[in-house]
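**Q** I have a structure here, written as structure tokens, and I will follow up with some questions on it.
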Amino acid sequence: RCSLRALRCHKMLPVYIVDAFSEQPFAGNQAAVVLISSDDGVSDDLRQKIAAEMQLSETSFVELDPAHAPATSSGGDPFQQCSHFRLRWFTPTTEVPLCGHATLAAAAVLFKERSSAHTTLHFHTASGQLTVSLDAARSSTSGAGGLWMQMRLPLSPATDPLPGPLAAGLEALRAACVGELQVARTAFAARNRLNYLVLQLQDGATREELEALTPDFTAMQAACSREHVSGVIVTCRGGESGYDILSRFFGPWMGIPEDPVTGSSHAVLGPYWASLLGKGTSAETPLLARQCSRRGGEMSVMVDAGAGQVVLSGPAAVVMAGQLRL
């Protein structure tokens, strides 16, 4: 047996599991959220081990920013009082430069579980400062008890040339990913170090066809290396589905065969489809997007070109709270 004294010697970190882009538990995209005080000293190696232990598509590490943290003598919960945080994201195998759903999950924990004193939170990340604001009106009318938020991510237009090795392996990658479905257009988004390939299916492709895709992940990785591509977005018009755009996201190079609902992919899809559909550039006419994974999730997408950002609006549900014992 572990003695009480031994338990007290362990470092304890708060940990949560959040279902992002879903009002209901057990849908949307799961993310773990770990809160780190400035004196906890959690190394990169330990963060990666924690993410591997969690075995979710992403684990967010939210750290008090010493430049904005309240004085320790002030008392109270610093995660409630602070509005600026450092934020990093790890998959089970690697750190990533941007993750939308895990950012939404981090904000949901601070708003709902730590009762943040602020309505807007600022996260300092490898992709710059990201902001998440509480949508109090929509949250209060949510019958499922979900928390609604608006998140701003940097625009990542798919206007970059394909890297040579990706161009050489494109046909093999396309076949491994979408099989016999016809691709109308390919595009590539390298900005913010995303390296996402976009495969737009031909008009007339249906939600059912998109949901039925069964990619060969081994063949995808063999077609091109992680150095040149980190994820593939397969997308099509919403048609009669009730949505403007439909998509799925595959990232076997990052240890994520399929990501259930992906915020960063919509930083690419927002400007991509806004130019094709002629909408999605104002709060009055946002794009309604559905990601068609097994768990599934949805969000509204608005391109703020002047700010160089995409605004994603969606809910999140906190489904677990506990302690990591290190």
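Each chain of the structure tokens is named A, B, ... in the order shown, its residues numbered from 1; ligands are numbered from 1 in display order.
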Given only C-alpha atoms, how would the per-residue table for stretch 133-215 of chain A near stretch 85-108 of chain A read, listing every residue at most 12 Å away with its closest atom pair and distance in Å to one decimal, sorted by chain and number, as JSON lines?
**A**
{"residue": "A:Ser133", "atom": "CA", "partner": "A:Ala107", "partner_atom": "CA", "distance": 8.4}
{"residue": "A:Leu134", "atom": "CA", "partner": "A:Ala107", "partner_atom": "CA", "distance": 8.6}
{"residue": "A:Asp135", "atom": "CA", "partner": "A:Ala108", "partner_atom": "CA", "distance": 11.2}
{"residue": "A:Ser139", "atom": "CA", "partner": "A:Ala108", "partner_atom": "CA", "distance": 11.4}
{"residue": "A:Gly146", "atom": "CA", "partner": "A:Ala108", "partner_atom": "CA", "distance": 9.5}
{"residue": "A:Leu147", "atom": "CA", "partner": "A:Ala108", "partner_atom": "CA", "distance": 6.9}
{"residue": "A:Trp148", "atom": "CA", "partner": "A:Ala108", "partner_atom": "CA", "distance": 8.5}
{"residue": "A:Met149", "atom": "CA", "partner": "A:Leu104", "partner_atom": "CA", "distance": 7.5}
{"residue": "A:Gln150", "atom": "CA", "partner": "A:Leu104", "partner_atom": "CA", "distance": 8.5}
{"residue": "A:Met151", "atom": "CA", "partner": "A:Leu104", "partner_atom": "CA", "distance": 7.0}
{"residue": "A:Arg152", "atom": "CA", "partner": "A:Gly100", "partner_atom": "CA", "distance": 9.0}
{"residue": "A:Leu153", "atom": "CA", "partner": "A:Gly100", "partner_atom": "CA", "distance": 7.4}
{"residue": "A:Pro154", "atom": "CA", "partner": "A:Leu98", "partner_atom": "CA", "distance": 9.4}
{"residue": "A:Leu155", "atom": "CA", "partner": "A:Leu98", "partner_atom": "CA", "distance": 11.5}
{"residue": "A:Ser156", "atom": "CA", "partner": "A:Leu98", "partner_atom": "CA", "distance": 10.9}
{"residue": "A:Ala190", "atom": "CA", "partner": "A:Pro97", "partner_atom": "CA", "distance": 11.7}
{"residue": "A:Arg191", "atom": "CA", "partner": "A:Pro97", "partner_atom": "CA", "distance": 10.6}
{"residue": "A:Asn192", "atom": "CA", "partner": "A:Pro97", "partner_atom": "CA", "distance": 7.2}
{"residue": "A:Arg193", "atom": "CA", "partner": "A:Pro97", "partner_atom": "CA", "distance": 6.7}
{"residue": "A:Leu194", "atom": "CA", "partner": "A:Pro97", "partner_atom": "CA", "distance": 7.3}
{"residue": "A:Asn195", "atom": "CA", "partner": "A:Pro97", "partner_atom": "CA", "distance": 10.6}
{"residue": "A:Tyr196", "atom": "CA", "partner": "A:Leu98", "partner_atom": "CA", "distance": 11.9}
**Q** Please write the residues from the selection above to a file, keeping C-alpha atoms, as a short mmCIF file (atom, residue, chain, number, x, y, z; two decimals), in the first residue's frame.
**A**
data_model
loop_
_atom_site.label_atom_id
_atom_site.label_comp_id
_atom_site.auth_asym_id
_atom_site.auth_seq_id
_atom_site.Cartn_x
_atom_site.Cartn_y
_atom_site.Cartn_z
CA SER A 133 -14.52 34.97 -25.38
CA LEU A 134 -17.47 33.65 -23.46
CA ASP A 135 -20.77 33.76 -25.34
CA SER A 139 -24.54 29.58 -23.05
CA GLY A 146 -22.98 23.39 -22.67
CA LEU A 147 -20.70 26.40 -22.66
CA TRP A 148 -20.55 28.48 -25.86
CA MET A 149 -17.47 30.45 -26.82
CA GLN A 150 -15.97 32.44 -29.67
CA MET A 151 -12.37 31.68 -30.55
CA ARG A 152 -10.05 33.66 -32.80
CA LEU A 153 -7.34 31.77 -34.68
CA PRO A 154 -4.83 33.09 -37.25
CA LEU A 155 -6.01 32.79 -40.84
CA SER A 156 -4.22 30.06 -42.77
CA ALA A 190 1.82 26.05 -45.03
CA ARG A 191 1.22 29.19 -42.95
CA ASN A 192 1.60 28.88 -39.18
CA ARG A 193 3.55 25.67 -39.84
CA LEU A 194 0.33 23.74 -40.42
CA ASN A 195 1.33 22.01 -43.68
CA TYR A 196 -2.25 20.91 -44.39
#
**Q** Would you mind writing down, as a list in words, each residue of stretch 2-99 of chain A that DSSP on the backbone assigns to alpha helix (DSSP H)?
**A**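 Checking each residue of stretch 2-99 of chain A, the alpha helix (DSSP H) ones are Leu4, Arg5, Ala6, Leu7, Arg8, Cys9, Asp44, Asp45, Leu46, Arg47, Gln48, Lys49, Ile50, Ala51, Ala52, Glu53, Met54, Pro78, Phe79, Gln80 and Gln81 of chain A.
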**Q** Compile the contact shell of A:Pro157 as an MDAnalysis selection string: residues with an atom at most 8 Å away, counting only C-alpha atoms, same-chain residues fewer than 3 positions apart removed.
**A** chainID A and resid 160 189 191 267:269 271:272
**Q** Take the residues just selected and output them with all heavy atoms as a PDB file, in the first residue's frame.
**A**
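Result file is again05.pdb:
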ATOM      1  N   ASP A 160      -0.536  28.234 -50.756  1.00  0.00           N
ATOM      2  CA  ASP A 160       0.895  27.981 -50.866  1.00  0.00           C
ATOM      3  C   ASP A 160       1.184  26.896 -51.905  1.00  0.00           C
ATOM      4  O   ASP A 160       0.370  25.975 -52.099  1.00  0.00           O
ATOM      5  CB  ASP A 160       1.456  27.560 -49.510  1.00  0.00           C
ATOM      6  CG  ASP A 160       1.268  28.644 -48.461  1.00  0.00           C
ATOM      7  OD1 ASP A 160       1.809  29.742 -48.659  1.00  0.00           O
ATOM      8  OD2 ASP A 160       0.563  28.397 -47.461  1.00  0.00           O
ATOM      9  N   ALA A 189      -1.850  24.587 -47.355  1.00  0.00           N
ATOM     10  CA  ALA A 189      -1.717  25.671 -46.377  1.00  0.00           C
ATOM     11  C   ALA A 189      -0.481  25.408 -45.524  1.00  0.00           C
ATOM     12  O   ALA A 189      -0.473  24.520 -44.669  1.00  0.00           O
ATOM     13  CB  ALA A 189      -2.957  25.751 -45.488  1.00  0.00           C
ATOM     14  N   ARG A 191       1.107  28.119 -43.944  1.00  0.00           N
ATOM     15  CA  ARG A 191       1.220  29.187 -42.954  1.00  0.00           C
ATOM     16  C   ARG A 191       1.007  28.645 -41.547  1.00  0.00           C
ATOM     17  O   ARG A 191       0.267  27.697 -41.336  1.00  0.00           O
ATOM     18  CB  ARG A 191       0.195  30.292 -43.262  1.00  0.00           C
ATOM     19  CG  ARG A 191       0.404  31.552 -42.442  1.00  0.00           C
ATOM     20  CD  ARG A 191      -0.569  32.644 -42.850  1.00  0.00           C
ATOM     21  NE  ARG A 191      -0.412  33.038 -44.254  1.00  0.00           N
ATOM     22  CZ  ARG A 191      -1.087  34.036 -44.809  1.00  0.00           C
ATOM     23  NH1 ARG A 191      -1.960  34.731 -44.084  1.00  0.00           N
ATOM     24  NH2 ARG A 191      -0.908  34.330 -46.074  1.00  0.00           N
ATOM     25  N   ALA A 267      -9.419  27.111 -39.762  1.00  0.00           N
ATOM     26  CA  ALA A 267      -8.669  28.324 -40.080  1.00  0.00           C
ATOM     27  C   ALA A 267      -8.217  28.303 -41.538  1.00  0.00           C
ATOM     28  O   ALA A 267      -7.916  29.341 -42.120  1.00  0.00           O
ATOM     29  CB  ALA A 267      -7.453  28.448 -39.159  1.00  0.00           C
ATOM     30  N   VAL A 268      -8.186  27.108 -42.134  1.00  0.00           N
ATOM     31  CA  VAL A 268      -7.901  26.929 -43.558  1.00  0.00           C
ATOM     32  C   VAL A 268      -9.195  26.939 -44.366  1.00  0.00           C
ATOM     33  O   VAL A 268      -9.316  27.622 -45.390  1.00  0.00           O
ATOM     34  CB  VAL A 268      -7.146  25.601 -43.795  1.00  0.00           C
ATOM     35  CG1 VAL A 268      -6.903  25.367 -45.279  1.00  0.00           C
ATOM     36  CG2 VAL A 268      -5.835  25.578 -43.020  1.00  0.00           C
ATOM     37  N   LEU A 269     -10.191  26.183 -43.894  1.00  0.00           N
ATOM     38  CA  LEU A 269     -11.441  26.042 -44.639  1.00  0.00           C
ATOM     39  C   LEU A 269     -12.250  27.334 -44.673  1.00  0.00           C
ATOM     40  O   LEU A 269     -12.990  27.580 -45.642  1.00  0.00           O
ATOM     41  CB  LEU A 269     -12.287  24.926 -44.029  1.00  0.00           C
ATOM     42  CG  LEU A 269     -11.743  23.510 -44.214  1.00  0.00           C
ATOM     43  CD1 LEU A 269     -12.566  22.516 -43.390  1.00  0.00           C
ATOM     44  CD2 LEU A 269     -11.755  23.117 -45.685  1.00  0.00           C
ATOM     45  N   PRO A 271     -11.321  30.722 -45.025  1.00  0.00           N
ATOM     46  CA  PRO A 271     -11.036  31.535 -46.211  1.00  0.00           C
ATOM     47  C   PRO A 271     -11.196  30.767 -47.516  1.00  0.00           C
ATOM     48  O   PRO A 271     -11.554  31.354 -48.546  1.00  0.00           O
ATOM     49  CB  PRO A 271      -9.580  31.973 -45.987  1.00  0.00           C
ATOM     50  CG  PRO A 271      -9.014  31.011 -45.001  1.00  0.00           C
ATOM     51  CD  PRO A 271     -10.160  30.606 -44.126  1.00  0.00           C
ATOM     52  N   TYR A 272     -10.931  29.460 -47.495  1.00  0.00           N
ATOM     53  CA  TYR A 272     -11.061  28.651 -48.716  1.00  0.00           C
ATOM     54  C   TYR A 272     -12.495  28.680 -49.240  1.00  0.00           C
ATOM     55  O   TYR A 272     -12.747  28.997 -50.404  1.00  0.00           O
ATOM     56  CB  TYR A 272     -10.629  27.218 -48.402  1.00  0.00           C
ATOM     57  CG  TYR A 272     -10.642  26.283 -49.595  1.00  0.00           C
ATOM     58  CD1 TYR A 272      -9.520  26.127 -50.391  1.00  0.00           C
ATOM     59  CD2 TYR A 272     -11.780  25.541 -49.914  1.00  0.00           C
ATOM     60  CE1 TYR A 272      -9.524  25.264 -51.481  1.00  0.00           C
ATOM     61  CE2 TYR A 272     -11.802  24.684 -50.994  1.00  0.00           C
ATOM     62  CZ  TYR A 272     -10.665  24.540 -51.774  1.00  0.00           C
ATOM     63  OH  TYR A 272     -10.681  23.684 -52.865  1.00  0.00           O
TER      64      TYR A 272
END
**Q** What are the nearest atom pairs, with distances in Å to one decimal, for all residues of stretch 217-262 of chain A that come at most 10 Å from stretch 165-172 of chain A, using only C-alpha atoms, set out by chain and rising residue number as CSV?
**A**
residue,atom,partner,partner_atom,distance
A:Ala219,CA,A:Ala172,CA,7.8
A:Met220,CA,A:Ala172,CA,7.5
A:Ala222,CA,A:Ala172,CA,8.8
A:Ala223,CA,A:Gly169,CA,5.1
A:Cys224,CA,A:Leu166,CA,5.8
A:Ser225,CA,A:Leu166,CA,8.2
A:Glu227,CA,A:Pro165,CA,9.5
A:His228,CA,A:Leu166,CA,6.4
A:Val229,CA,A:Leu166,CA,7.2
**Q** Could you save those same residues with N, CA, C and O atoms as a compact mmCIF listing (two decimals), in the first residue's frame?
**A**
# COMPACT_ATOMS: atom_id res chain seq x y z
N ALA A 219 -0.41 3.76 -46.08
CA ALA A 219 -0.08 4.21 -47.43
C ALA A 219 0.03 5.74 -47.49
O ALA A 219 0.85 6.28 -48.24
N MET A 220 -0.78 6.44 -46.71
CA MET A 220 -0.69 7.90 -46.67
C MET A 220 0.69 8.33 -46.18
O MET A 220 1.33 9.21 -46.76
N ALA A 222 3.41 6.60 -46.26
CA ALA A 222 4.43 6.18 -47.21
C ALA A 222 4.52 7.12 -48.40
O ALA A 222 5.58 7.27 -49.02
N ALA A 223 3.42 7.80 -48.73
CA ALA A 223 3.38 8.68 -49.91
C ALA A 223 4.16 9.96 -49.70
O ALA A 223 4.70 10.53 -50.66
N CYS A 224 4.23 10.44 -48.45
CA CYS A 224 4.96 11.68 -48.17
C CYS A 224 5.30 11.73 -46.69
O CYS A 224 4.56 11.20 -45.86
N SER A 225 6.40 12.37 -46.36
CA SER A 225 6.89 12.36 -44.99
C SER A 225 6.31 13.51 -44.17
O SER A 225 5.77 14.48 -44.70
N GLU A 227 7.82 15.75 -42.73
CA GLU A 227 8.53 17.00 -43.00
C GLU A 227 7.77 17.90 -43.96
O GLU A 227 7.89 19.12 -43.91
N HIS A 228 6.95 17.30 -44.84
CA HIS A 228 6.30 18.07 -45.90
C HIS A 228 4.78 18.16 -45.76
O HIS A 228 4.16 19.02 -46.39
N VAL A 229 4.17 17.29 -44.99
CA VAL A 229 2.72 17.34 -44.78
C VAL A 229 2.42 16.79 -43.40
O VAL A 229 3.04 15.81 -42.96
**Q** Identify, on the basis of only C-alpha atoms, every residue whose closest approach to A:Leu288 does not exceed 12 Å; exclude the query and any residue fewer than 5 positions from it along the same chain; express the result as a PyMOL selection string.
**A** chain A and resi 237-239+241-247+266+269-270+273-274+277+279-280+283+297-302+311-314
**Q** Give me a file of those residues, with N, CA and C atoms, as a PDB file, in the first residue's frame.
**A**
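Written out: again19.pdb:
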ATOM      1  N   ARG A 237     -18.839  20.654 -50.571  1.00  0.00           N
ATOM      2  CA  ARG A 237     -19.987  21.518 -50.295  1.00  0.00           C
ATOM      3  C   ARG A 237     -21.005  20.772 -49.446  1.00  0.00           C
ATOM      4  N   GLY A 238     -21.745  21.554 -48.662  1.00  0.00           N
ATOM      5  CA  GLY A 238     -22.728  20.922 -47.802  1.00  0.00           C
ATOM      6  C   GLY A 238     -23.927  20.368 -48.531  1.00  0.00           C
ATOM      7  N   GLY A 239     -24.236  20.936 -49.708  1.00  0.00           N
ATOM      8  CA  GLY A 239     -25.373  20.445 -50.485  1.00  0.00           C
ATOM      9  C   GLY A 239     -26.657  20.541 -49.692  1.00  0.00           C
ATOM     10  N   SER A 241     -27.318  18.945 -46.954  1.00  0.00           N
ATOM     11  CA  SER A 241     -27.090  18.458 -45.586  1.00  0.00           C
ATOM     12  C   SER A 241     -27.547  19.438 -44.518  1.00  0.00           C
ATOM     13  N   GLY A 242     -27.789  20.707 -44.921  1.00  0.00           N
ATOM     14  CA  GLY A 242     -28.115  21.737 -43.941  1.00  0.00           C
ATOM     15  C   GLY A 242     -26.906  22.530 -43.495  1.00  0.00           C
ATOM     16  N   TYR A 243     -25.716  22.150 -43.970  1.00  0.00           N
ATOM     17  CA  TYR A 243     -24.475  22.853 -43.656  1.00  0.00           C
ATOM     18  C   TYR A 243     -23.896  23.456 -44.933  1.00  0.00           C
ATOM     19  N   ASP A 244     -23.091  24.497 -44.764  1.00  0.00           N
ATOM     20  CA  ASP A 244     -22.414  25.088 -45.923  1.00  0.00           C
ATOM     21  C   ASP A 244     -21.237  24.225 -46.379  1.00  0.00           C
ATOM     22  N   ILE A 245     -20.481  23.707 -45.394  1.00  0.00           N
ATOM     23  CA  ILE A 245     -19.294  22.925 -45.739  1.00  0.00           C
ATOM     24  C   ILE A 245     -19.209  21.693 -44.837  1.00  0.00           C
ATOM     25  N   LEU A 246     -18.684  20.635 -45.418  1.00  0.00           N
ATOM     26  CA  LEU A 246     -18.449  19.386 -44.715  1.00  0.00           C
ATOM     27  C   LEU A 246     -16.977  19.031 -44.829  1.00  0.00           C
ATOM     28  N   SER A 247     -16.453  18.328 -43.839  1.00  0.00           N
ATOM     29  CA  SER A 247     -15.037  17.956 -43.918  1.00  0.00           C
ATOM     30  C   SER A 247     -14.732  16.785 -43.004  1.00  0.00           C
ATOM     31  N   HIS A 266     -10.283  24.528 -39.763  1.00  0.00           N
ATOM     32  CA  HIS A 266     -11.257  25.536 -40.175  1.00  0.00           C
ATOM     33  C   HIS A 266     -10.643  26.928 -40.299  1.00  0.00           C
ATOM     34  N   LEU A 269     -10.191  26.183 -43.894  1.00  0.00           N
ATOM     35  CA  LEU A 269     -11.441  26.042 -44.639  1.00  0.00           C
ATOM     36  C   LEU A 269     -12.250  27.334 -44.673  1.00  0.00           C
ATOM     37  N   GLY A 270     -12.134  28.173 -43.625  1.00  0.00           N
ATOM     38  CA  GLY A 270     -12.878  29.437 -43.617  1.00  0.00           C
ATOM     39  C   GLY A 270     -12.582  30.283 -44.835  1.00  0.00           C
ATOM     40  N   TRP A 273     -13.464  28.361 -48.363  1.00  0.00           N
ATOM     41  CA  TRP A 273     -14.851  28.286 -48.813  1.00  0.00           C
ATOM     42  C   TRP A 273     -15.525  29.656 -48.878  1.00  0.00           C
ATOM     43  N   ALA A 274     -15.073  30.619 -48.090  1.00  0.00           N
ATOM     44  CA  ALA A 274     -15.663  31.958 -48.163  1.00  0.00           C
ATOM     45  C   ALA A 274     -15.510  32.532 -49.571  1.00  0.00           C
ATOM     46  N   LEU A 277     -17.971  30.388 -51.911  1.00  0.00           N
ATOM     47  CA  LEU A 277     -19.412  30.470 -51.654  1.00  0.00           C
ATOM     48  C   LEU A 277     -19.916  31.900 -51.530  1.00  0.00           C
ATOM     49  N   LYS A 279     -19.769  33.910 -48.934  1.00  0.00           N
ATOM     50  CA  LYS A 279     -20.335  34.197 -47.617  1.00  0.00           C
ATOM     51  C   LYS A 279     -19.299  33.812 -46.577  1.00  0.00           C
ATOM     52  N   GLY A 280     -19.584  34.159 -45.330  1.00  0.00           N
ATOM     53  CA  GLY A 280     -18.663  33.798 -44.259  1.00  0.00           C
ATOM     54  C   GLY A 280     -17.694  34.897 -43.886  1.00  0.00           C
ATOM     55  N   ALA A 283     -20.500  38.631 -39.447  1.00  0.00           N
ATOM     56  CA  ALA A 283     -21.191  37.926 -38.373  1.00  0.00           C
ATOM     57  C   ALA A 283     -22.616  37.564 -38.769  1.00  0.00           C
ATOM     58  N   GLY A 297     -19.010  16.938 -35.010  1.00  0.00           N
ATOM     59  CA  GLY A 297     -19.141  18.216 -34.328  1.00  0.00           C
ATOM     60  C   GLY A 297     -19.382  19.317 -35.332  1.00  0.00           C
ATOM     61  N   GLU A 298     -19.815  20.470 -34.843  1.00  0.00           N
ATOM     62  CA  GLU A 298     -20.125  21.572 -35.752  1.00  0.00           C
ATOM     63  C   GLU A 298     -19.725  22.895 -35.129  1.00  0.00           C
ATOM     64  N   MET A 299     -19.598  23.880 -35.994  1.00  0.00           N
ATOM     65  CA  MET A 299     -19.235  25.228 -35.555  1.00  0.00           C
ATOM     66  C   MET A 299     -19.655  26.213 -36.627  1.00  0.00           C
ATOM     67  N   SER A 300     -19.729  27.486 -36.251  1.00  0.00           N
ATOM     68  CA  SER A 300     -19.895  28.543 -37.246  1.00  0.00           C
ATOM     69  C   SER A 300     -18.531  29.186 -37.461  1.00  0.00           C
ATOM     70  N   VAL A 301     -18.290  29.623 -38.690  1.00  0.00           N
ATOM     71  CA  VAL A 301     -16.969  30.114 -39.100  1.00  0.00           C
ATOM     72  C   VAL A 301     -17.147  31.475 -39.766  1.00  0.00           C
ATOM     73  N   MET A 302     -16.393  32.470 -39.292  1.00  0.00           N
ATOM     74  CA  MET A 302     -16.443  33.799 -39.880  1.00  0.00           C
ATOM     75  C   MET A 302     -15.019  34.298 -40.103  1.00  0.00           C
ATOM     76  N   VAL A 311     -12.895  33.491 -36.957  1.00  0.00           N
ATOM     77  CA  VAL A 311     -13.638  33.410 -35.702  1.00  0.00           C
ATOM     78  C   VAL A 311     -14.485  32.139 -35.733  1.00  0.00           C
ATOM     79  N   LEU A 312     -14.200  31.232 -34.806  1.00  0.00           N
ATOM     80  CA  LEU A 312     -14.945  29.984 -34.697  1.00  0.00           C
ATOM     81  C   LEU A 312     -15.826  30.049 -33.467  1.00  0.00           C
ATOM     82  N   SER A 313     -17.091  29.758 -33.637  1.00  0.00           N
ATOM     83  CA  SER A 313     -18.029  29.761 -32.516  1.00  0.00           C
ATOM     84  C   SER A 313     -18.530  28.347 -32.294  1.00  0.00           C
ATOM     85  N   GLY A 314     -18.446  27.899 -31.041  1.00  0.00           N
ATOM     86  CA  GLY A 314     -18.903  26.549 -30.753  1.00  0.00           C
ATOM     87  C   GLY A 314     -18.967  26.285 -29.268  1.00  0.00           C
TER      88      GLY A 314
END
**Q** Which residue, A:Phe111, A:Phe61, A:Tyr16, A:Phe123, has the smallest gap to A:Val319 when you use only C-alpha atoms?
**A**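 Comparing A:Phe111, A:Phe61, A:Tyr16, A:Phe123 against A:Val319, the winner is A:Tyr16.
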**Q** List the spatial neighbours of A:His68 as a PyMOL selection string - criterion: any atom at most 10 Å away, only C-alpha atoms, same-chain residues fewer than 3 positions off excluded.
**A** chain A and resi 64-65+71+81-85
**Q** Just N, CA, C and O atoms for this one: save the residues we selected as a short mmCIF file (atom, residue, chain, number, x, y, z; two decimals), in the first residue's frame.
**A**
data_model
loop_
_atom_site.label_atom_id
_atom_site.label_comp_id
_atom_site.auth_asym_id
_atom_site.auth_seq_id
_atom_site.Cartn_x
_atom_site.Cartn_y
_atom_site.Cartn_z
N LEU A 64 0.27 29.53 -15.98
CA LEU A 64 0.18 30.92 -15.57
C LEU A 64 1.33 31.71 -16.19
O LEU A 64 2.48 31.27 -16.18
N ASP A 65 1.02 32.85 -16.78
CA ASP A 65 2.04 33.72 -17.37
C ASP A 65 2.60 34.62 -16.27
O ASP A 65 1.86 35.45 -15.72
N ALA A 71 -0.16 38.48 -7.72
CA ALA A 71 0.81 38.26 -6.65
C ALA A 71 0.34 37.11 -5.76
O ALA A 71 -0.85 37.00 -5.45
N GLN A 81 -8.25 34.43 -11.38
CA GLN A 81 -7.95 35.85 -11.44
C GLN A 81 -7.22 36.27 -12.72
O GLN A 81 -7.37 37.40 -13.16
N CYS A 82 -6.44 35.38 -13.28
CA CYS A 82 -5.60 35.73 -14.43
C CYS A 82 -6.39 35.66 -15.74
O CYS A 82 -7.31 34.84 -15.88
N SER A 83 -6.05 36.51 -16.69
CA SER A 83 -6.70 36.45 -18.02
C SER A 83 -5.70 36.12 -19.13
O SER A 83 -6.10 35.94 -20.28
N HIS A 84 -4.41 36.07 -18.81
CA HIS A 84 -3.37 35.74 -19.79
C HIS A 84 -2.65 34.46 -19.36
O HIS A 84 -2.24 34.33 -18.20
N PHE A 85 -2.50 33.55 -20.31
CA PHE A 85 -1.88 32.26 -20.01
C PHE A 85 -0.95 31.85 -21.15
O PHE A 85 -1.15 32.23 -22.31
#
**Q** Based on the backbone DSSP call, show me all residues of stretch 197-229 of chain A assigned strand (DSSP E or B), as a PyMOL selection string.
**A** chain A and resi 197-201
**Q** Could you write out the selected residues, including all heavy atoms, as a compact mmCIF listing (two decimals), in the first residue's frame?
**A**
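Below is the file that was written, out25.txt:
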# COMPACT_ATOMS: atom_id res chain seq x y z
N LEU A 197 -2.79 19.67 -46.40
CA LEU A 197 -3.22 19.47 -47.77
C LEU A 197 -4.75 19.46 -47.80
O LEU A 197 -5.38 18.77 -46.99
CB LEU A 197 -2.67 18.16 -48.32
CG LEU A 197 -3.13 17.77 -49.74
CD1 LEU A 197 -2.54 18.71 -50.79
CD2 LEU A 197 -2.75 16.32 -50.04
N VAL A 198 -5.34 20.21 -48.73
CA VAL A 198 -6.79 20.25 -48.90
C VAL A 198 -7.16 19.47 -50.15
O VAL A 198 -6.62 19.73 -51.24
CB VAL A 198 -7.31 21.70 -49.03
CG1 VAL A 198 -8.82 21.71 -49.24
CG2 VAL A 198 -6.94 22.51 -47.80
N LEU A 199 -8.06 18.51 -50.00
CA LEU A 199 -8.63 17.77 -51.13
C LEU A 199 -10.11 18.09 -51.19
O LEU A 199 -10.89 17.65 -50.33
CB LEU A 199 -8.43 16.26 -50.96
CG LEU A 199 -6.98 15.76 -50.85
CD1 LEU A 199 -6.97 14.24 -50.65
CD2 LEU A 199 -6.16 16.14 -52.07
N GLN A 200 -10.49 18.92 -52.17
CA GLN A 200 -11.91 19.26 -52.34
C GLN A 200 -12.55 18.26 -53.28
O GLN A 200 -12.13 18.12 -54.43
CB GLN A 200 -12.07 20.68 -52.89
CG GLN A 200 -13.54 21.07 -53.08
CD GLN A 200 -13.72 22.31 -53.93
OE1 GLN A 200 -12.82 23.14 -54.02
NE2 GLN A 200 -14.87 22.44 -54.58
N LEU A 201 -13.56 17.56 -52.78
CA LEU A 201 -14.27 16.60 -53.62
C LEU A 201 -15.13 17.33 -54.65
O LEU A 201 -15.54 18.47 -54.44
CB LEU A 201 -15.14 15.68 -52.75
CG LEU A 201 -14.40 14.87 -51.68
CD1 LEU A 201 -15.40 14.03 -50.89
CD2 LEU A 201 -13.32 14.00 -52.30
**Q** When you draw a straight line from atom CA of A:Gly28 to atom CA of A:Pro252, how long is it in Å?
**A**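 Spanning atom CA of A:Gly28 to atom CA of A:Pro252 is a straight-line distance of 19.2 Å.
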**Q** For the atom pair atom CA of A:Asp259 and atom CA of A:Thr120, what is the interatomic distance in Å to one decimal place?
**A**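 So the answer is 26.6 Å.
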**Q** Quick check, in Å to one decimal: how far apart do atom CA of A:Gln80 and atom CA of A:Glu113 lie?
**A**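 Distance between the two atoms: 9.1 Å.
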**Q** Could you pull the residues within 12 Å of A:Val42, counting only C-alpha atoms, minus those fewer than 6 positions along the same chain, as a PyMOL selection string?
**A** chain A and resi 11-13+34-36+48-50+61-63+326
**Q** Just the selected residues (N, CA and C atoms), exported as a short mmCIF file (atom, residue, chain, number, x, y, z; two decimals), in the first residue's frame, please.
**A**
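result20.cif written:
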data_model
loop_
_atom_site.label_atom_id
_atom_site.label_comp_id
_atom_site.auth_asym_id
_atom_site.auth_seq_id
_atom_site.Cartn_x
_atom_site.Cartn_y
_atom_site.Cartn_z
N LYS A 11 3.82 15.35 -6.68
CA LYS A 11 3.31 16.60 -7.25
C LYS A 11 1.94 16.33 -7.85
N MET A 12 0.97 17.19 -7.59
CA MET A 12 -0.38 17.01 -8.08
C MET A 12 -0.72 18.15 -9.03
N LEU A 13 -1.21 17.80 -10.21
CA LEU A 13 -1.62 18.80 -11.19
C LEU A 13 -3.09 18.58 -11.55
N VAL A 34 -4.39 20.34 -18.75
CA VAL A 34 -3.58 20.28 -17.54
C VAL A 34 -3.21 21.70 -17.14
N LEU A 35 -3.47 22.07 -15.89
CA LEU A 35 -3.15 23.39 -15.38
C LEU A 35 -1.82 23.36 -14.64
N ILE A 36 -0.94 24.29 -15.00
CA ILE A 36 0.41 24.31 -14.43
C ILE A 36 0.67 25.67 -13.79
N GLN A 48 5.21 15.54 -22.80
CA GLN A 48 4.98 14.55 -23.84
C GLN A 48 4.53 13.21 -23.25
N LYS A 49 5.11 12.83 -22.11
CA LYS A 49 4.71 11.59 -21.46
C LYS A 49 3.27 11.66 -20.96
N ILE A 50 2.88 12.83 -20.45
CA ILE A 50 1.49 13.00 -19.99
C ILE A 50 0.54 12.87 -21.17
N PHE A 61 -1.61 22.23 -22.24
CA PHE A 61 -0.93 22.59 -21.01
C PHE A 61 -1.08 24.11 -20.83
N VAL A 62 -1.87 24.47 -19.83
CA VAL A 62 -2.18 25.87 -19.54
C VAL A 62 -1.33 26.31 -18.37
N GLU A 63 -0.51 27.32 -18.60
CA GLU A 63 0.45 27.75 -17.59
C GLU A 63 0.24 29.22 -17.26
N LEU A 326 2.25 12.98 -10.00
CA LEU A 326 3.55 12.82 -10.68
C LEU A 326 4.63 12.42 -9.69
#
